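Participant: Okay, here's the structure, questions in a sec.
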Amino acid sequence: MEAFIIYGTIFLIIVIIFLSNKGKAIRKEIAEIERDKIERKTLIEKFSRISEDSLINDDDTQGNKKVRKWASIMYAEVKGLLDDYRVDYLKYKKRPSLKGAEIVKEVKKEKRELLKELKYLEYQLKTYEEYFPIIKDLKDYILEDDSFLLNLGDKNLDEEVDPAQKFLKPEEFKKLNASQKNQLALDRYKKRKHSNLEIGRIYERFLGYIYEKEGWVVKFTGIIEGFDDLGRDLICTKGNEIHIVQAKNWSKFKIIREKYLYQHFATTTHYKLQNLISKKNKVVPVFFSTIDFSDMAKKVAKALNIKIKTLKLDWDYPMIKCNINPQSKEKIYHLPFDQQYDKIIIGNNEGECYVHTVAQATAKGFRRAFRYRGPA
């Protein structure tokens, strides 16, 4: 009996120890599951915030089809792993969503192939842009052109509607006098958030203003001809000298590299050949930028006799063009959103100028053109 009690006690102690260890193991396993759930959730949130571009250096994909393909597959796989984490998280959270997990699994299969194809096409497009920089300019014109806001599909409607209406409330347009309406519209035009395309146009106009102020005759080919300009934003003429100007209003985080200088030299040469420029005329390629040029770009510019200049856009430059008709001597001022603004040459007639305000223009005897047949 005593032996039974002893053995029973020993067995009970062993069971207690076993259960205690088992309990610790269970608690440890539960803690690990909870930590894993938190880590999975954190990982999903972290990778959802990371740009896919940071997974690989885009420079490594340029011109390398195998690398582009590998990168697109890798990107799809990473996204697939994240979907796996989402499935497990939905299964094992406190209130499991088994149906949601199954839906995520089904979507993952379709999504993986689409992501792979999307990433491959993205790298392919970046390669085209790398070798043919003008594509970036064309993309801006194609994707950001907002001229439809004026004509709404009717080619003649923009001749009847005063574009100042875009910047005024209906009651303002009715109640304010002409000068007040025009000045308010100009102020709002300058303050509004402009697209990259429109900012580029304003930079070209700013450079044109500088040239015209110094006695040059300026043709705004970039704005007037759109992407048919072949990268020649301004053509400035003074005496027997012609400046073929390209303008880049880019962010401070970029730098102008030599490929853009090569492109500009080529389009300047094309201009000389196309227009049969005589030897007495001097054609000079000029490249303006709001950011700096790389060391190699500077060397290329020197070797090809390209003038390079870094100049920031001054938003406070006078934007109102005061033009005098050479035949009728009418004095007309044009606002930057007027249809004929970029075709107007300033400085080829005495008395023409740029001014900051409508009041300054009217004080000099200029009025806005009577071209709109809509409400006055």
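Labels used: A, B, ... for chains in the order of the structure tokens, numbers from 1 for residues in each chain, and numbers from 1 for ligands as shown.
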DSSP on the backbone: which residues in stretch 145-295 of chain A end up as strand (DSSP E)? Give the answer as a VMD selection string.
Facilitator: chain A and resid 217 to 219 234 to 238 241 to 248 282 to 289
Participant: Please give the complete set of residues from stretch 123-353 of chain A that DSSP, run on the backbone, assigns to alpha helix (DSSP H), formatted as number ranges by chain.
Facilitator: A: 123-131, 134-144, 148-151, 170-175, 178-191, 196-213, 221-225, 258-274, 295-303
Participant: Looking at A:Leu234, A:His194, A:Pro163, A:Asn240, which one is nearest to A:Ser278, with distances taken over only C-alpha atoms?
Facilitator: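 Going through A:Leu234, A:His194, A:Pro163, A:Asn240 one by one, the smallest distance to A:Ser278 is for A:Asn240.
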Participant: Please determine, counting only C-alpha atoms, which residue among A:Tyr333, A:Gly208, A:Ile346, A:Pro170 has the shortest atom-to-atom distance to A:Ala359.
Facilitator: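 Smallest separation from A:Ala359 among the options: A:Tyr333.
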Participant: I'd like the neighbourhood of stretch 178-181 of chain A as a list in words, where a residue qualifies if any of its atoms comes within 7 Å (using only C-alpha atoms), though same-chain residues fewer than 4 positions away should be ignored.
Facilitator: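 In the requested format, the answer is Phe173, Ala185 and Val358 of chain A.
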Participant: Would you mind exporting the chosen residues as an mmCIF file, in the first residue's frame, restricted to C-alpha atoms?
Facilitator:
```
data_model
loop_
_atom_site.group_PDB
_atom_site.id
_atom_site.type_symbol
_atom_site.label_atom_id
_atom_site.label_comp_id
_atom_site.auth_asym_id
_atom_site.auth_seq_id
_atom_site.Cartn_x
_atom_site.Cartn_y
_atom_site.Cartn_z
ATOM 1 C CA PHE A 173 -18.338 87.877 -64.132
ATOM 2 C CA ALA A 185 -8.864 86.397 -63.423
ATOM 3 C CA VAL A 358 -4.472 95.622 -65.906
#
```
Participant: Skipping near chain neighbours, those fewer than 3 positions away, what residues fall within 12 Å of A:Lys307 using only C-alpha atoms, listed as a short mmCIF file (atom, residue, chain, number, x, y, z; two decimals) with N, CA and C atoms, in the first residue's frame?
Facilitator:
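selection.cif, freshly written:
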```cif
data_model
loop_
_atom_site.label_atom_id
_atom_site.label_comp_id
_atom_site.auth_asym_id
_atom_site.auth_seq_id
_atom_site.Cartn_x
_atom_site.Cartn_y
_atom_site.Cartn_z
N HIS A 243 18.93 82.20 -81.99
CA HIS A 243 19.06 81.29 -80.86
C HIS A 243 17.94 80.25 -80.90
N ILE A 244 18.35 79.00 -80.92
CA ILE A 244 17.39 77.89 -80.82
C ILE A 244 17.39 77.47 -79.35
N VAL A 245 16.30 77.77 -78.66
CA VAL A 245 16.27 77.62 -77.21
C VAL A 245 15.42 76.42 -76.78
N GLN A 246 16.00 75.62 -75.89
CA GLN A 246 15.20 74.60 -75.21
C GLN A 246 15.15 74.95 -73.74
N LEU A 261 21.63 67.37 -74.18
CA LEU A 261 22.45 68.28 -74.98
C LEU A 261 22.65 67.72 -76.39
N HIS A 264 19.47 68.31 -78.29
CA HIS A 264 19.27 69.71 -78.69
C HIS A 264 20.22 70.11 -79.83
N PHE A 265 21.42 69.57 -79.80
CA PHE A 265 22.36 69.84 -80.90
C PHE A 265 21.81 69.29 -82.21
N VAL A 283 23.64 80.50 -86.10
CA VAL A 283 22.61 79.75 -85.36
C VAL A 283 23.25 79.14 -84.12
N VAL A 284 22.73 79.50 -82.97
CA VAL A 284 23.33 79.07 -81.70
C VAL A 284 22.32 78.25 -80.89
N PRO A 285 22.67 77.01 -80.51
CA PRO A 285 21.79 76.25 -79.61
C PRO A 285 21.97 76.76 -78.18
N VAL A 286 20.86 77.03 -77.51
CA VAL A 286 20.89 77.52 -76.12
C VAL A 286 19.98 76.64 -75.27
N PHE A 287 20.50 76.23 -74.12
CA PHE A 287 19.74 75.33 -73.25
C PHE A 287 19.58 75.99 -71.88
N PHE A 288 18.33 76.36 -71.55
CA PHE A 288 18.02 76.93 -70.24
C PHE A 288 17.44 75.84 -69.34
N SER A 289 17.83 75.88 -68.07
CA SER A 289 17.30 74.91 -67.11
C SER A 289 17.19 75.57 -65.74
N PHE A 293 23.62 71.30 -64.47
CA PHE A 293 24.02 70.34 -65.49
C PHE A 293 25.11 69.42 -64.92
N ALA A 297 27.67 66.73 -69.07
CA ALA A 297 26.81 67.60 -69.88
C ALA A 297 27.52 68.92 -70.18
N LYS A 298 28.23 69.44 -69.20
CA LYS A 298 28.98 70.69 -69.40
C LYS A 298 30.09 70.51 -70.42
N LYS A 299 30.76 69.36 -70.37
CA LYS A 299 31.82 69.07 -71.35
C LYS A 299 31.25 68.94 -72.76
N VAL A 300 30.11 68.26 -72.86
CA VAL A 300 29.46 68.09 -74.16
C VAL A 300 29.02 69.44 -74.71
N ALA A 301 28.44 70.29 -73.84
CA ALA A 301 28.00 71.62 -74.26
C ALA A 301 29.18 72.44 -74.81
N LYS A 302 30.31 72.35 -74.15
CA LYS A 302 31.50 73.09 -74.59
C LYS A 302 32.00 72.57 -75.93
N ALA A 303 32.01 71.23 -76.09
CA ALA A 303 32.50 70.62 -77.33
C ALA A 303 31.59 70.93 -78.51
N LEU A 304 30.27 71.04 -78.26
CA LEU A 304 29.30 71.26 -79.35
C LEU A 304 28.89 72.73 -79.47
N THR A 310 21.62 78.21 -66.24
CA THR A 310 20.71 77.82 -65.17
C THR A 310 19.97 79.07 -64.70
#
```
Participant: So, counting only C-alpha atoms, which residue among A:Lys259, A:Lys364, A:Lys238, A:Lys312 is closest to A:Ile324?
Facilitator: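 Comparing A:Lys259, A:Lys364, A:Lys238, A:Lys312 against A:Ile324, the winner is A:Lys364.
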Participant: What's the separation between atom CA of A:Thr362 and atom CA of A:Glu212, in Å to one decimal place?
Facilitator: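 So the two atoms, atom CA of A:Thr362 and atom CA of A:Glu212, lie 21.2 Å apart.
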Participant: Between atom CA of A:Lys343 and atom CA of A:Ala369, what is the spacing in Å?
Facilitator: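 Atom-to-atom, atom CA of A:Ala369 and atom CA of A:Lys343 are spaced 14.0 Å apart.
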